[in-house]
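Below is one structure, written out as structure tokens; comments come after it.
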Amino acid sequence: MQTAYGHLTYCTNIHPGEKWEDHFAQLKKYIPQVKQQVAPGQPFGIGLRLANTASLELAKEENLNAFKAWLQQENCYVFTMNGFPYGGFHDVVVKDQVHAPDWTQADRVAYTIRLFRLLAALLPEGMEGGISTSPLSYKFWCNRCEEEKNSFTESATLNMLLVVEQLARIHRGGGPLMHLDVEPEPDGLLENTREYINWYTTSLLPAGICFIKDKLGVDEEEAADIIRRHVQLCYDVCHFALEYEEPEHVLKQLQANGLRVGKIQISAALKADLPTETDQRNTVINAFRQFNEPVYLHQVIGRKKDGSLIHYPDLPQALEDAANTAVAEWRSHFHVPIFIDRFEVLQSTREEIVKVLALQRQQPFTAHLEVETYTWDVLPAGLKEEMAVSVSRELNWVRSQL
């Protein structure tokens, strides 16, 4: 739905369905219910997530035309997509495979270009579109030596530029402006503001200027503008909160380097202070244990008493180190409903959402706002409501902040 501060929606990766027929059935069931509760009588935007299989099926003319007709019938539109998870995302073990295929693989390129062609066909006239994507790769797949990491980065960057070329050609040919929104996350090859800016300024721009100049016949300045226009940041609030980064500082660093935010993914992580007293500490640790489930990665970043950070690749590794009293706080990558800020002895990082939305109110820095709480299926029973009710509560909470 349109607000004074951008288009607000939720990501349909909360709904299962790796085949288009199955996912479309979920959209037809839940989108009208959510729309009725948050935007009756108004156009309602959709943050579409398509698995690779679903994207291939939706690319068929009859399926695309049927979807367009349904969107018109329901007074809905698509303005953003989530192109991070390529394959199965429900009822399978996802974990680190959420990054596969990574940006070194041709399948990732083909999938992303296909999504953009679908988005171009779905976008309302005059509206820009964005697709969020993986932060190049997973660090533990290319962490054996600096040379290997550099090779991964170079290969991934060159593949990403193939997508940029297509986006530039679409836009220069009179099509919509669309941007690829790179989404840093813990243990991604790009996981924080420093790594994202370093990659953008020392890898993407230098390689991209040469590539775009050659492919499109433009000068260096125009080539740099094309890259900045078509590669932007997906600001996942949960991910940056896990890295203990202050939103205002993140935005100032991006602005200082002339980099843009394509989308805010509005999400909250789990957090808690870890008491030094044994019984109290065990109570907190046991509360985290109820979120230790086998489907998704739940990276944990702890803050030590001296202010330094300790990274655990998943919640089980953090639980094994629970007796480490040098660690004073845990933050865990488990997307929890954003309308709740406390879960018994645990809290959420919702306050970071409040900060980000306050900055958006002061001076909007993106037109795309998307709530993302994909863990609905694996939430403890006490945190679950009926899905449409839960999604609607999240969207209405965000609107209240705006």
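Labels for the structure tokens follow display order: chains A, B, ..., residues from 1 in each chain, ligands from 1.
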Contacts of Gly126 in chain A at 10 Å or less, counting only C-alpha atoms, minus same-chain residues fewer than 4 places along, as a PyMOL selection string?
chain A and resi 175-177
Excluding Ala318 in chain A and residues on its chain fewer than 3 positions from it, collect all residues at most 12 Å away from it, counting only C-alpha atoms, and give them as a PyMOL selection string.
chain A and resi 285-286+288-289+292+298-302+310-315+321-324+327+329-333
Any idea what's packed within 10 Å of His335 in chain A, counting only C-alpha atoms, ignoring anything in its chain fewer than 3 positions away? Could you give it as JSON, numbers by chain?
{"A": [238, 239, 266, 267, 268, 269, 270, 298, 332, 338, 348, 349, 372, 373, 374, 375, 376, 379]}
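Among the candidates A:Ala224, A:Leu274, A:Glu191, A:His99, the one nearest to Leu259 in chain A when counting only C-alpha atoms is A:Ala224.
Of all the residues in range 22-250 of chain A, the ones DSSP labels as strand (DSSP E) from the backbone are Phe44, Gly45, Ile46, Gly47, Leu48, Arg49, Cys76, Tyr77, Val78, Phe79, Thr80, Met81, Asn82, Gly129, Gly130, Ile131, Ser132, Thr133, Met178, His179, Leu180, Asp181, Val182, Val231, Gln232, Leu233, Cys234, Tyr235 and Asp236 of chain A.
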Using only C-alpha atoms, which protein or nucleic acid residues come within 8 Å of Ala388 in chain A? Drop anything in the same chain fewer than 3 positions from it, and give the result as a ChimeraX atom specification.
/A:30,33-34,391-392
Would you put the residues from that selection into a file with N, CA, C and O atoms, as a PDB file, in the first residue's frame?
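Output contents, as saved in part_25.pdb:
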```
ATOM      1  N   TYR A  30      -4.440 -15.592   1.020  1.00  0.00           N
ATOM      2  CA  TYR A  30      -4.071 -14.680   2.102  1.00  0.00           C
ATOM      3  C   TYR A  30      -4.038 -13.196   1.719  1.00  0.00           C
ATOM      4  O   TYR A  30      -4.342 -12.333   2.555  1.00  0.00           O
ATOM      5  N   GLN A  33      -7.256 -11.320   2.357  1.00  0.00           N
ATOM      6  CA  GLN A  33      -7.527 -11.194   3.795  1.00  0.00           C
ATOM      7  C   GLN A  33      -6.691 -10.078   4.415  1.00  0.00           C
ATOM      8  O   GLN A  33      -7.197  -9.266   5.205  1.00  0.00           O
ATOM      9  N   VAL A  34      -5.398 -10.049   4.073  1.00  0.00           N
ATOM     10  CA  VAL A  34      -4.512  -9.016   4.619  1.00  0.00           C
ATOM     11  C   VAL A  34      -4.943  -7.642   4.104  1.00  0.00           C
ATOM     12  O   VAL A  34      -5.032  -6.666   4.875  1.00  0.00           O
ATOM     13  N   VAL A 391       0.283 -11.116   9.920  1.00  0.00           N
ATOM     14  CA  VAL A 391       0.831 -10.224   8.890  1.00  0.00           C
ATOM     15  C   VAL A 391       0.175  -8.852   8.974  1.00  0.00           C
ATOM     16  O   VAL A 391       0.850  -7.813   8.895  1.00  0.00           O
ATOM     17  N   SER A 392      -1.128  -8.821   9.148  1.00  0.00           N
ATOM     18  CA  SER A 392      -1.849  -7.547   9.223  1.00  0.00           C
ATOM     19  C   SER A 392      -1.413  -6.731  10.444  1.00  0.00           C
ATOM     20  O   SER A 392      -1.254  -5.504  10.357  1.00  0.00           O
TER      21      SER A 392
END
```
If you count only C-alpha atoms, which residues fall within 12 Å of Met81 in chain A, apart from same-chain ones fewer than 4 positions away, as a PyMOL selection string?
chain A and resi 9-13+45-51+55+77+85+112+114-120+122-123+128-133+178-181+234+262-263+265+368-370+372
Those in range 70-292 of chain A with alpha helix (DSSP H) from DSSP, as a VMD selection string
chain A and resid 70 to 74 106 to 122 146 to 172 193 to 199 205 to 216 220 to 230 237 to 242 247 to 256 278 to 289
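In terms of minimum interatomic distance to Thr80 in chain A, A:Ala367 ranks closest within A:Gly208, A:Thr3, A:Ala367, A:Glu352, counting only C-alpha atoms.
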Find the residue from A:Glu62, A:Gln37, A:Leu297, A:Glu125 that sits nearest to Tyr138 in chain A; use only C-alpha atoms when measuring.
A:Leu297
Minimum-distance residue to Asp225 in chain A, chosen among A:Asp102, A:Gly258, A:Asn75, A:Gln253 (using only C-alpha atoms):
A:Gly258
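CA of Leu254 in chain A lies 18.8 Å from CA of Ser134 in chain A.
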